[in-house]
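Pasted below: coords_7.cif, mmCIF, C-alpha atoms.
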```cif
data_structure
#
loop_
_atom_site.label_atom_id
_atom_site.label_comp_id
_atom_site.auth_asym_id
_atom_site.auth_seq_id
_atom_site.Cartn_x
_atom_site.Cartn_y
_atom_site.Cartn_z
CA MET A 2 -26.47 -59.64 52.36
CA PHE A 3 -25.42 -56.80 50.12
CA VAL A 4 -27.54 -57.94 47.22
CA LYS A 5 -30.48 -58.56 49.46
CA SER A 6 -30.39 -55.12 50.91
CA LEU A 7 -29.91 -53.58 47.48
CA ILE A 8 -32.99 -55.39 46.22
CA PHE A 9 -34.84 -54.23 49.28
CA THR A 10 -33.76 -50.66 48.62
CA VAL A 11 -34.79 -50.78 45.01
CA PHE A 12 -38.09 -52.29 45.98
CA ILE A 13 -38.76 -49.68 48.65
CA LEU A 14 -37.71 -46.95 46.26
CA LEU A 15 -40.14 -48.29 43.72
CA ILE A 16 -42.92 -48.41 46.28
CA ASP A 17 -41.90 -45.00 47.46
CA GLY A 18 -41.83 -43.55 43.99
CA ILE A 19 -45.33 -44.70 43.31
CA PHE A 20 -46.52 -43.84 46.75
CA SER A 21 -49.90 -42.34 46.29
CA LYS A 22 -51.07 -39.12 47.77
CA SER A 23 -54.67 -38.31 47.32
CA VAL A 24 -56.40 -35.53 49.09
CA GLU A 25 -59.86 -34.12 48.75
CA LEU A 26 -60.62 -30.71 50.17
CA THR A 27 -63.61 -28.43 50.12
CA PHE A 28 -62.77 -24.91 51.15
CA GLU A 29 -64.21 -21.47 51.21
CA LEU A 30 -62.72 -18.91 48.88
CA PRO A 31 -63.42 -15.36 50.07
CA ASP A 32 -64.03 -12.59 47.57
CA SER A 33 -61.00 -11.27 45.72
CA ALA A 34 -58.75 -13.81 47.40
CA GLU A 35 -56.34 -16.43 46.21
CA GLU A 36 -55.78 -19.81 47.78
CA CYS A 37 -52.70 -21.86 46.98
CA PHE A 38 -51.80 -25.42 47.80
CA TYR A 39 -48.41 -26.99 47.42
CA GLN A 40 -47.49 -30.57 46.73
CA ASP A 41 -44.18 -32.32 46.32
CA ILE A 42 -44.22 -34.47 43.23
CA GLU A 43 -41.48 -36.83 42.07
CA LYS A 44 -40.34 -36.78 38.50
CA ASP A 45 -42.36 -38.88 36.05
CA THR A 46 -45.24 -39.31 38.44
CA SER A 47 -48.63 -38.72 37.00
CA ALA A 48 -50.91 -36.42 38.89
CA SER A 49 -54.43 -35.29 38.40
CA LEU A 50 -56.38 -32.35 39.66
CA GLU A 51 -60.13 -32.20 39.74
CA TYR A 52 -62.12 -29.23 40.94
CA GLN A 53 -65.61 -27.86 41.01
CA VAL A 54 -67.17 -24.69 42.33
CA ILE A 55 -70.06 -25.70 44.56
CA THR A 56 -71.59 -22.34 45.24
CA GLY A 57 -71.13 -18.62 44.90
CA GLY A 58 -71.42 -16.02 42.18
CA GLN A 59 -71.33 -17.38 38.67
CA TYR A 60 -69.82 -20.65 39.93
CA ASP A 61 -66.49 -19.82 38.36
CA VAL A 62 -62.91 -19.65 39.52
CA ASP A 63 -59.46 -19.05 38.05
CA VAL A 64 -57.20 -22.07 38.34
CA LYS A 65 -53.49 -22.39 37.82
CA ILE A 66 -50.97 -25.20 38.26
CA GLU A 67 -47.37 -24.10 38.46
CA GLY A 68 -44.33 -26.36 38.28
CA PRO A 69 -41.12 -26.12 40.30
CA ASN A 70 -39.47 -23.83 37.72
CA LYS A 71 -42.43 -21.50 37.72
CA GLN A 72 -43.55 -22.91 34.39
CA ILE A 73 -47.29 -22.95 34.00
CA ILE A 74 -48.70 -26.43 33.48
CA TYR A 75 -52.35 -25.57 33.42
CA GLN A 76 -54.20 -22.30 33.49
CA GLN A 77 -57.88 -21.65 33.10
CA GLN A 78 -59.98 -18.64 33.79
CA LYS A 79 -63.53 -18.55 35.08
CA MET A 80 -64.04 -22.28 35.06
CA GLN A 81 -66.93 -23.99 36.80
CA TYR A 82 -65.38 -27.43 36.94
CA ASP A 83 -62.65 -29.32 35.18
CA SER A 84 -60.04 -31.98 35.62
CA HIS A 85 -56.50 -32.03 34.42
CA GLN A 86 -53.98 -34.80 34.30
CA PHE A 87 -50.29 -34.22 33.91
CA THR A 88 -46.99 -35.99 34.36
CA ALA A 89 -44.42 -34.24 36.46
CA GLN A 90 -41.39 -33.28 34.40
CA TYR A 91 -39.24 -32.40 37.37
CA THR A 92 -39.09 -33.36 41.00
CA GLY A 93 -40.16 -30.49 43.15
CA VAL A 94 -42.93 -28.45 44.59
CA TYR A 95 -45.99 -28.00 42.46
CA LYS A 96 -48.35 -25.19 43.23
CA VAL A 97 -52.09 -25.24 42.66
CA CYS A 98 -53.83 -21.90 42.97
CA PHE A 99 -57.50 -21.03 43.01
CA SER A 100 -58.18 -17.36 42.54
CA ASN A 101 -61.33 -15.39 43.03
CA GLU A 102 -59.62 -12.07 42.38
CA PHE A 103 -62.01 -11.04 39.63
CA SER A 104 -64.98 -11.23 41.94
CA THR A 105 -65.41 -8.43 44.44
CA PHE A 106 -68.39 -9.56 46.43
CA SER A 107 -69.21 -13.22 45.98
CA HIS A 108 -67.37 -15.74 48.07
CA LYS A 109 -67.23 -19.27 46.82
CA LEU A 110 -67.09 -22.85 47.93
CA VAL A 111 -64.59 -24.89 45.98
CA TYR A 112 -64.00 -28.61 45.95
CA MET A 113 -60.71 -29.98 44.77
CA GLU A 114 -59.12 -33.36 44.57
CA LEU A 115 -55.45 -33.84 43.97
CA ASN A 116 -54.22 -37.31 43.15
CA VAL A 117 -50.56 -38.04 42.86
CA GLY A 118 -49.36 -41.37 41.57
CA PRO A 119 -51.32 -44.59 41.45
CA GLU A 120 -53.17 -45.95 44.42
CA THR A 121 -51.15 -47.21 47.38
CA PRO A 122 -51.15 -50.98 47.22
CA LEU A 123 -52.52 -52.92 50.13
CA PRO A 124 -49.80 -54.13 52.46
CA GLY A 125 -48.67 -57.54 51.37
CA VAL A 126 -50.64 -57.56 48.16
CA GLY A 127 -48.49 -57.61 45.09
CA ASP A 128 -45.29 -58.27 47.00
CA HIS A 129 -44.74 -61.70 45.56
CA ALA A 130 -44.18 -62.23 41.92
CA THR A 131 -46.47 -65.22 41.50
CA VAL A 132 -49.32 -65.08 39.06
CA LEU A 133 -52.58 -63.90 40.57
CA THR A 134 -55.30 -66.43 41.04
CA GLN A 135 -58.65 -65.86 39.42
CA LEU A 136 -60.16 -64.84 42.71
CA GLU A 137 -57.45 -62.28 43.28
CA THR A 138 -57.90 -60.86 39.82
CA SER A 139 -61.62 -60.48 40.27
CA ALA A 140 -61.12 -58.91 43.67
CA GLU A 141 -58.77 -56.45 42.02
CA GLU A 142 -61.34 -55.72 39.34
CA ILE A 143 -64.13 -55.23 41.84
CA HIS A 144 -61.90 -52.91 43.79
CA SER A 145 -61.22 -50.68 40.82
CA ALA A 146 -64.89 -50.78 39.84
CA LEU A 147 -65.88 -49.70 43.34
CA ASN A 148 -63.32 -46.94 43.20
CA ARG A 149 -64.95 -45.72 40.02
CA ILE A 150 -68.36 -45.86 41.69
CA ILE A 151 -67.07 -43.78 44.60
CA ASP A 152 -65.65 -41.28 42.13
CA HIS A 153 -68.93 -40.99 40.30
CA GLN A 154 -70.74 -40.72 43.59
CA THR A 155 -68.53 -37.83 44.62
CA HIS A 156 -69.19 -36.13 41.33
CA HIS A 157 -72.89 -36.67 41.70
CA ARG A 158 -72.83 -35.45 45.28
CA LEU A 159 -71.17 -32.23 44.23
CA ARG A 160 -73.59 -31.68 41.40
CA GLU A 161 -76.47 -32.29 43.75
CA ALA A 162 -75.00 -29.87 46.27
CA GLN A 163 -74.68 -27.27 43.55
CA GLY A 164 -78.27 -27.76 42.47
CA ARG A 165 -79.58 -27.80 46.01
CA LYS A 166 -77.75 -24.65 46.99
CA ARG A 167 -79.04 -22.89 43.91
CA ALA A 168 -82.61 -24.02 44.65
CA GLU A 169 -82.34 -22.74 48.21
CA ASP A 170 -81.07 -19.48 46.85
CA LEU A 171 -83.95 -19.30 44.42
CA ASN A 172 -86.47 -20.02 47.13
CA GLU A 173 -85.17 -17.17 49.22
CA ARG A 174 -85.04 -14.81 46.28
CA VAL A 175 -88.63 -15.58 45.31
CA PHE A 176 -89.66 -14.82 48.87
CA TRP A 177 -87.94 -11.44 49.03
CA TRP A 178 -88.90 -10.49 45.51
CA SER A 179 -92.58 -11.14 46.22
CA ILE A 180 -92.49 -9.00 49.36
CA GLY A 181 -90.75 -6.24 47.42
CA GLU A 182 -93.18 -6.37 44.56
CA THR A 183 -96.23 -6.27 46.82
CA LEU A 184 -94.87 -3.17 48.49
CA ALA A 185 -94.12 -1.64 45.08
CA ILE A 186 -97.70 -2.24 43.92
CA PHE A 187 -99.10 -0.46 46.95
CA CYS A 188 -96.79 2.48 46.52
CA VAL A 189 -97.60 2.82 42.82
CA THR A 190 -101.34 2.62 43.50
CA PHE A 191 -101.34 5.47 45.97
CA ALA A 192 -98.97 7.55 43.89
CA GLN A 193 -101.20 7.12 40.83
CA VAL A 194 -104.28 8.27 42.66
CA MET A 195 -102.52 11.21 44.22
CA ILE A 196 -101.11 12.40 40.89
CA LEU A 197 -104.42 11.95 39.12
CA LYS A 198 -106.26 13.90 41.79
CA ASN A 199 -103.65 16.57 41.50
CA PHE A 200 -104.45 17.01 37.77
CA PHE A 201 -108.06 17.87 38.49
CA SER A 202 -107.73 19.82 41.67
CA ASP A 203 -108.56 23.54 41.65
CA ARG A 204 -105.28 24.61 43.05
CA PRO A 205 -102.74 25.60 40.41
CA THR A 206 -100.13 22.89 40.04
CA ILE A 207 -97.03 22.31 38.09
CA TYR A 208 -98.88 19.98 35.71
CA LYS A 209 -100.89 22.29 33.42
CA MET B 20 -21.16 -49.11 55.06
CA PHE B 21 -23.12 -49.29 51.87
CA VAL B 22 -25.52 -51.77 53.37
CA LYS B 23 -26.33 -49.43 56.18
CA LEU B 24 -26.78 -46.50 53.86
CA ALA B 25 -29.01 -48.51 51.61
CA THR B 26 -31.40 -49.21 54.43
CA ILE B 27 -31.35 -45.68 55.77
CA ILE B 28 -32.13 -43.94 52.50
CA PRO B 29 -35.53 -45.51 51.93
CA LEU B 30 -36.55 -44.79 55.49
CA LEU B 31 -35.71 -41.15 55.04
CA LEU B 32 -37.61 -41.08 51.81
CA ILE B 33 -40.67 -42.56 53.42
CA ILE B 34 -40.63 -39.97 56.16
CA ASP B 35 -40.14 -37.26 53.62
CA VAL B 36 -42.84 -38.46 51.31
CA SER B 37 -45.57 -39.25 53.77
CA TRP B 38 -46.45 -35.56 53.99
CA GLY B 39 -48.50 -34.51 51.07
CA LEU B 40 -50.27 -31.29 50.52
CA TYR B 41 -49.43 -28.11 52.34
CA PHE B 42 -50.44 -24.46 52.35
CA HIS B 43 -49.48 -21.25 54.09
CA ILE B 44 -51.43 -19.27 56.60
CA ALA B 45 -50.61 -16.19 58.58
CA GLU B 46 -50.35 -16.41 62.33
CA GLY B 47 -53.77 -16.52 63.95
CA GLU B 48 -55.52 -16.85 60.61
CA ARG B 49 -58.42 -19.22 60.57
CA LYS B 50 -58.64 -21.87 57.93
CA CYS B 51 -61.72 -24.00 57.42
CA PHE B 52 -62.43 -27.05 55.36
CA ILE B 53 -65.78 -28.59 54.73
CA GLU B 54 -66.45 -32.29 54.57
CA GLU B 55 -69.88 -33.35 53.48
CA ILE B 56 -70.24 -36.84 54.87
CA PRO B 57 -72.92 -39.36 55.80
CA ASP B 58 -73.41 -40.33 59.43
CA ASP B 59 -71.20 -42.91 61.13
CA THR B 60 -68.25 -42.06 58.93
CA THR B 61 -64.75 -41.74 60.26
CA VAL B 62 -62.66 -38.76 59.30
CA LEU B 63 -58.95 -38.76 59.87
CA VAL B 64 -57.10 -35.47 59.90
CA ASN B 65 -53.32 -35.45 59.91
CA TYR B 66 -51.51 -32.19 60.17
CA LYS B 67 -48.13 -30.71 60.84
CA VAL B 68 -47.31 -27.07 61.33
CA GLU B 69 -44.01 -25.44 60.53
CA LEU B 70 -43.09 -21.92 61.46
CA TYR B 71 -41.34 -19.60 59.05
CA ASP B 72 -37.82 -18.90 60.16
CA PRO B 73 -36.71 -15.45 58.99
CA ARG B 74 -33.04 -16.18 59.70
CA SER B 75 -32.70 -19.14 57.38
CA GLY B 76 -35.53 -18.13 55.08
CA GLY B 77 -37.00 -21.57 55.36
CA PHE B 78 -39.44 -23.37 57.56
CA MET B 79 -38.48 -24.90 60.87
CA PRO B 80 -39.32 -28.59 60.77
CA SER B 81 -40.43 -28.69 64.36
CA SER B 82 -41.79 -25.73 66.25
CA PRO B 83 -42.59 -26.80 69.78
CA GLY B 84 -43.81 -23.35 70.80
CA ILE B 85 -46.84 -23.28 68.60
CA GLY B 86 -50.03 -25.21 68.90
CA MET B 87 -53.01 -25.64 66.68
CA HIS B 88 -56.53 -25.04 67.73
CA VAL B 89 -58.74 -27.51 65.94
CA GLU B 90 -62.47 -27.17 65.87
CA VAL B 91 -64.96 -29.51 64.28
CA ARG B 92 -68.53 -28.39 63.82
CA GLU B 93 -71.49 -30.57 63.01
CA PRO B 94 -74.15 -29.56 60.48
CA ASN B 95 -76.41 -28.20 63.24
CA ASP B 96 -73.58 -25.92 64.38
CA ARG B 97 -72.89 -28.03 67.41
CA ILE B 98 -69.23 -28.24 68.28
CA LEU B 99 -68.05 -31.80 68.05
CA LEU B 100 -64.48 -31.15 68.99
CA SER B 101 -62.59 -28.06 70.02
CA ARG B 102 -59.13 -28.44 71.42
CA VAL B 103 -55.64 -27.14 71.25
CA TYR B 104 -53.20 -29.63 69.85
CA SER B 105 -49.46 -29.52 69.45
CA SER B 106 -47.76 -28.52 66.24
CA GLU B 107 -48.13 -32.00 64.83
CA GLY B 108 -50.99 -34.31 65.33
CA MET B 109 -53.64 -36.67 64.21
CA ILE B 110 -57.32 -36.13 64.90
CA SER B 111 -60.00 -38.61 64.21
CA PHE B 112 -63.72 -38.25 64.68
CA THR B 113 -66.81 -40.14 63.67
CA SER B 114 -69.84 -38.27 62.47
CA THR B 115 -73.16 -38.72 64.22
CA THR B 116 -75.33 -36.60 61.97
CA PRO B 117 -75.03 -36.51 58.20
CA GLY B 118 -74.15 -33.25 56.54
CA GLU B 119 -71.48 -30.63 56.22
CA HIS B 120 -68.82 -30.92 58.86
CA VAL B 121 -66.59 -27.89 59.12
CA ILE B 122 -63.03 -28.45 60.26
CA CYS B 123 -61.33 -25.23 61.29
CA MET B 124 -57.79 -24.76 62.40
CA TYR B 125 -55.84 -21.78 63.63
CA SER B 126 -52.64 -21.38 65.59
CA ASN B 127 -52.95 -20.45 69.22
CA SER B 128 -49.88 -18.25 69.33
CA THR B 129 -50.71 -14.59 69.11
CA SER B 130 -48.14 -12.11 70.27
CA TRP B 131 -44.95 -14.08 70.23
CA PHE B 132 -44.56 -14.76 66.59
CA SER B 133 -47.26 -12.50 65.31
CA GLY B 134 -47.26 -11.67 61.66
CA SER B 135 -45.12 -14.56 60.60
CA GLN B 136 -46.07 -17.30 58.22
CA LEU B 137 -47.04 -20.84 59.03
CA ARG B 138 -46.82 -23.79 56.76
CA VAL B 139 -49.51 -26.36 57.38
CA HIS B 140 -49.25 -29.86 56.01
CA LEU B 141 -52.68 -31.34 55.87
CA ASP B 142 -54.19 -34.63 54.97
CA ILE B 143 -57.85 -35.42 55.39
CA GLN B 144 -59.05 -38.95 54.75
CA VAL B 145 -62.68 -39.92 54.85
CA GLY B 146 -64.39 -43.24 55.37
CA GLU B 147 -62.71 -46.21 53.82
CA HIS B 148 -59.56 -44.19 53.05
CA ALA B 149 -59.09 -43.54 56.75
CA VAL B 150 -58.61 -47.23 57.48
CA ASP B 151 -55.06 -48.32 58.02
CA TYR B 152 -55.05 -51.71 56.34
CA ALA B 153 -51.54 -52.59 57.43
CA ASN B 154 -52.76 -52.34 60.99
CA VAL B 155 -55.92 -54.31 60.27
CA ALA B 156 -53.98 -57.11 58.63
CA GLN B 157 -51.65 -57.37 61.56
CA LYS B 158 -54.32 -57.23 64.21
CA ASP B 159 -56.78 -59.65 62.70
CA LYS B 160 -54.12 -61.86 61.10
CA LEU B 161 -55.65 -61.70 57.66
CA THR B 162 -54.25 -63.15 54.50
CA GLU B 163 -53.84 -60.98 51.45
CA LEU B 164 -57.11 -62.08 49.97
CA GLN B 165 -59.00 -61.65 53.21
CA LEU B 166 -57.57 -58.17 53.48
CA ARG B 167 -58.62 -57.36 49.95
CA ILE B 168 -62.14 -58.60 50.65
CA ARG B 169 -62.20 -56.53 53.81
CA GLN B 170 -61.32 -53.48 51.77
CA LEU B 171 -64.03 -54.30 49.24
CA LEU B 172 -66.55 -54.65 52.05
CA ASP B 173 -65.54 -51.32 53.52
CA GLN B 174 -65.92 -49.70 50.14
CA VAL B 175 -69.37 -51.16 49.65
CA TYR B 176 -70.44 -49.97 53.10
CA GLN B 177 -69.15 -46.54 52.26
CA ILE B 178 -71.10 -46.48 49.02
CA THR B 179 -74.27 -47.66 50.77
CA LYS B 180 -73.97 -45.00 53.43
CA GLU B 181 -73.34 -42.34 50.85
CA GLN B 182 -76.31 -43.58 48.88
CA SER B 183 -78.71 -43.36 51.79
CA TYR B 184 -77.36 -39.93 52.66
CA GLN B 185 -77.92 -38.99 49.05
CA ARG B 186 -81.57 -39.91 49.44
CA HIS B 187 -81.82 -37.78 52.50
CA ARG B 188 -80.37 -34.81 50.62
CA GLU B 189 -82.48 -35.42 47.59
CA GLU B 190 -85.48 -35.17 49.88
CA ARG B 191 -84.30 -31.82 51.17
CA PHE B 192 -83.69 -30.62 47.63
CA ARG B 193 -87.17 -31.69 46.62
CA GLN B 194 -88.68 -29.98 49.63
CA THR B 195 -86.94 -26.75 48.74
CA SER B 196 -88.14 -26.97 45.16
CA GLU B 197 -91.67 -27.75 46.24
CA SER B 198 -91.63 -24.86 48.67
CA THR B 199 -90.48 -22.54 45.89
CA ASN B 200 -93.22 -23.86 43.65
CA GLN B 201 -95.84 -23.32 46.35
CA ARG B 202 -94.62 -19.86 47.11
CA VAL B 203 -94.69 -18.82 43.48
CA LEU B 204 -98.20 -20.21 43.10
CA TRP B 205 -99.64 -18.57 46.19
CA TRP B 206 -97.89 -15.36 45.57
CA SER B 207 -99.22 -15.08 42.03
CA LEU B 208 -102.75 -15.76 43.29
CA LEU B 209 -102.35 -13.25 46.07
CA GLN B 210 -100.88 -10.74 43.67
CA THR B 211 -103.83 -11.10 41.31
CA GLY B 212 -106.15 -10.53 44.25
CA VAL B 213 -104.20 -7.51 45.40
CA LEU B 214 -104.17 -6.04 41.89
CA MET B 215 -107.92 -6.50 41.46
CA GLY B 216 -108.69 -5.07 44.88
CA ILE B 217 -106.47 -2.11 44.29
CA GLY B 218 -107.89 -1.50 40.83
CA TYR B 219 -111.41 -1.51 42.25
CA TRP B 220 -110.44 0.87 45.01
CA GLN B 221 -108.77 3.22 42.53
CA MET B 222 -111.90 3.33 40.35
CA ARG B 223 -114.20 3.91 43.29
CA HIS B 224 -112.06 6.56 44.82
CA LEU B 225 -111.50 8.49 41.59
CA LYS B 226 -115.13 8.24 40.60
CA SER B 227 -116.28 9.76 43.86
CA PHE B 228 -113.57 12.38 43.53
CA PHE B 229 -114.69 13.37 40.01
CA GLU B 230 -118.30 13.46 41.09
CA ALA B 231 -117.43 15.70 43.99
CA LYS B 232 -115.52 17.97 41.62
CA LYS B 233 -118.49 17.87 39.20
CA LEU B 234 -116.31 16.77 36.30
CA VAL B 235 -118.67 13.99 35.22
#
```

Step by step, read the file and then write its structure as structure tokens.
Amino acid sequence: MFVKSLIFTVFILLIDGIFSKSVELTFELPDSAEECFYQDIEKDTSASLEYQVITGGQYDVDVKIEGPNKQIIYQQQKMQYDSHQFTAQYTGVYKVCFSNEFSTFSHKLVYMELNVGPETPLPGVGDHATVLTQLETSAEEIHSALNRIIDHQTHHRLREAQGRKRAEDLNERVFWWSIGETLAIFCVTFAQVMILKNFFSDRPTIYK
Amino acid sequence: MFVKLATIIPLLLIIDVSWGLYFHIAEGERKCFIEEIPDDTTVLVNYKVELYDPRSGGFMPSSPGIGMHVEVREPNDRILLSRVYSSEGMISFTSTTPGEHVICMYSNSTSWFSGSQLRVHLDIQVGEHAVDYANVAQKDKLTELQLRIRQLLDQVYQITKEQSYQRHREERFRQTSESTNQRVLWWSLLQTGVLMGIGYWQMRHLKSFFEAKKLV
């Protein structure tokens, strides 16, 4: 009884220790603001952060990961996208901050993905210690391959969103710029004629 | 004694661990997250709110007084869901139109605890990640392998949906680019016309002016 429960505990602890937490968030970062997220991470768990600025300004953001003892694990300034993998040295609260403090007027859209620990195993799968059959192994392989595909797809989706947003921006800018320039041409034309006429008019003028 | 303790500890750990990411917001502050998803995709939002307790300097694990207003907007700005929930809850919705879904949350309390901080634990799972496989296995009485295959199938469906949505967006992207191209082309033609017309007018006007002034 005692041994059984001990084994159970150890097993649960193991499962618990490797319990995966993965969260993907896309959020708006207002101008000159800072957004922080906190995550409890167990010691010796590997974690990875991936982020990308989807739109706004120069597509850059300041990123910082801070450990429980306020030690800085990762710090980058004005990054467009990056990923960072680290292993937690201590158990505690890790802080991930995205800062837009250098930008006074452009608000941004930021995507981030925080993965902690390996993937949660399917219930029942991997509980028994028997060797996997060939079918199980291939299923496992397909699963990880599909996971990779989904990852790439996400990456591609974000890139596409970035490109699309920029194109929409460009379209609008071309529109306004053309209206502005047409107006400017008309103004310049009339001004030119007026000034030229002024040169040759009989009345004394300031241009002599 | 030890046996009991040994079974309690893991349970506590599980409860403790199952809450992942959290952030802080001020009372009444609005916080929005954007999920760009294909249609017919399930989104699962789990959240828990804790109120800052100035006396202990920590966060109260359960704050029955406060509620969260959750609002989900579809890409065409239609409100899919707008309700006040308790301080802890699980919301699930399935998208009908593909695009950017905005999930906003803010606390409903205003005057009572105004100015204090809230800690929000949040977990958003999309598509295949939102499926609780333990539940599926139990309900449909699946073996391990069947469950694995089910997961693979779900993943493939997810990828297919994303792929077709990708096509849809690519089309929009292309339309925007083509529109820009068209605009630039027509504008440059129009501009040339305007310039020529204006140049002609300037010449005519000045010529008649000089003639009237007897300068030529």

Please write as an MDAnalysis selection string the full residue list that the PyMOL selection byres ((chain A and resi 83) around 12) yields on this file. chainID A and resid 49:54 61:65 75:82 84:86 111:114 156

For the file shown, report as a list of chain:residue names the outcome of the PyMOL selection byres ((chain B and resi 87) around 7) at residue level.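 Those residues are B:Ile85, B:Gly86, B:His88, B:Val89, B:Val103, B:Tyr104, B:Ser105, B:Ser106, B:Met124, B:Tyr125, B:Ser126, B:Asn127.
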
Run the PyMOL selection byres ((chain B and resi 232) around 12) against the file shown and list the residues it catches, as a PyMOL selection string. (chain A and resi 198-203) or (chain B and resi 225-231+233-235)

Please list, as a CSV table (one decimal) with C-alpha atoms, in the frame of the given file, the residues that have an atom at most 10 Å away from (-59.7, -18.0, 43.4) in the coordinates of this file, counting all atoms listed in the file.
```
chain,number,residue,atom,x,y,z
A,29,GLU,CA,-64.2,-21.5,51.2
A,30,LEU,CA,-62.7,-18.9,48.9
A,31,PRO,CA,-63.4,-15.4,50.1
A,32,ASP,CA,-64.0,-12.6,47.6
A,33,SER,CA,-61.0,-11.3,45.7
A,34,ALA,CA,-58.8,-13.8,47.4
A,35,GLU,CA,-56.3,-16.4,46.2
A,36,GLU,CA,-55.8,-19.8,47.8
A,37,CYS,CA,-52.7,-21.9,47.0
A,61,ASP,CA,-66.5,-19.8,38.4
A,62,VAL,CA,-62.9,-19.6,39.5
A,63,ASP,CA,-59.5,-19.0,38.0
A,64,VAL,CA,-57.2,-22.1,38.3
A,65,LYS,CA,-53.5,-22.4,37.8
A,78,GLN,CA,-60.0,-18.6,33.8
A,79,LYS,CA,-63.5,-18.6,35.1
A,98,CYS,CA,-53.8,-21.9,43.0
A,99,PHE,CA,-57.5,-21.0,43.0
A,100,SER,CA,-58.2,-17.4,42.5
A,101,ASN,CA,-61.3,-15.4,43.0
A,102,GLU,CA,-59.6,-12.1,42.4
A,103,PHE,CA,-62.0,-11.0,39.6
A,104,SER,CA,-65.0,-11.2,41.9
A,108,HIS,CA,-67.4,-15.7,48.1
A,109,LYS,CA,-67.2,-19.3,46.8
A,110,LEU,CA,-67.1,-22.8,47.9
A,111,VAL,CA,-64.6,-24.9,46.0
```

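What separates CA of Thr195 (chain B) from CA of Glu161 (chain A) is a distance of 12.9 Å.
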
As an exercise, work out the distance from CA of Thr134 (chain A) to CA of Asn154 (chain B) in Å and give it to one decimal place.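 We find that CA of Thr134 (chain A) and CA of Asn154 (chain B) lie 24.6 Å from each other.
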
Show me a table, sorted first by chain and then by increasing residue number, of the residues of chain B having an atom at most 7 Å from chain A, each with its shortest atom pair and the distance in Å to one decimal, counting all atoms listed in the file and written as a Markdown table.
```
| residue | atom | partner | partner_atom | distance |
| --- | --- | --- | --- | --- |
| B:Val22 | CA | A:Phe3 | CA | 6.0 |
| B:Ala25 | CA | A:Thr10 | CA | 6.0 |
| B:Thr26 | CA | A:Thr10 | CA | 6.4 |
| B:Pro29 | CA | A:Ile13 | CA | 6.2 |
| B:Ile33 | CA | A:Asp17 | CA | 6.6 |
| B:Gly39 | CA | A:Gln40 | CA | 5.9 |
| B:Leu40 | CA | A:Gln40 | CA | 4.8 |
| B:Tyr41 | CA | A:Tyr39 | CA | 5.1 |
| B:Phe42 | CA | A:Phe38 | CA | 4.8 |
| B:Cys51 | CA | A:Phe28 | CA | 6.4 |
| B:Phe52 | CA | A:Phe28 | CA | 4.7 |
| B:Ile53 | CA | A:Thr27 | CA | 5.1 |
| B:Glu54 | CA | A:Thr27 | CA | 6.5 |
| B:Asp142 | CA | A:Val24 | CA | 6.3 |
| B:Ile143 | CA | A:Val24 | CA | 6.5 |
| B:Tyr152 | CA | A:Leu123 | CA | 6.8 |
| B:Ala153 | CA | A:Pro124 | CA | 5.5 |
| B:Glu163 | CA | A:Val126 | CA | 5.7 |
| B:Leu164 | CA | A:Glu137 | CA | 6.7 |
| B:Arg167 | CA | A:Ala140 | CA | 6.9 |
| B:Leu171 | CA | A:His144 | CA | 6.0 |
| B:Gln174 | CA | A:Leu147 | CA | 6.8 |
| B:Ile178 | CA | A:Ile151 | CA | 6.6 |
| B:Phe192 | CA | A:Arg165 | CA | 5.2 |
| B:Thr195 | CA | A:Glu169 | CA | 6.1 |
| B:Ser196 | CA | A:Ala168 | CA | 6.3 |
| B:Thr199 | CA | A:Asn172 | CA | 4.9 |
| B:Trp206 | CA | A:Ser179 | CA | 6.8 |
| B:Gln221 | CA | A:Val194 | CA | 6.8 |
```
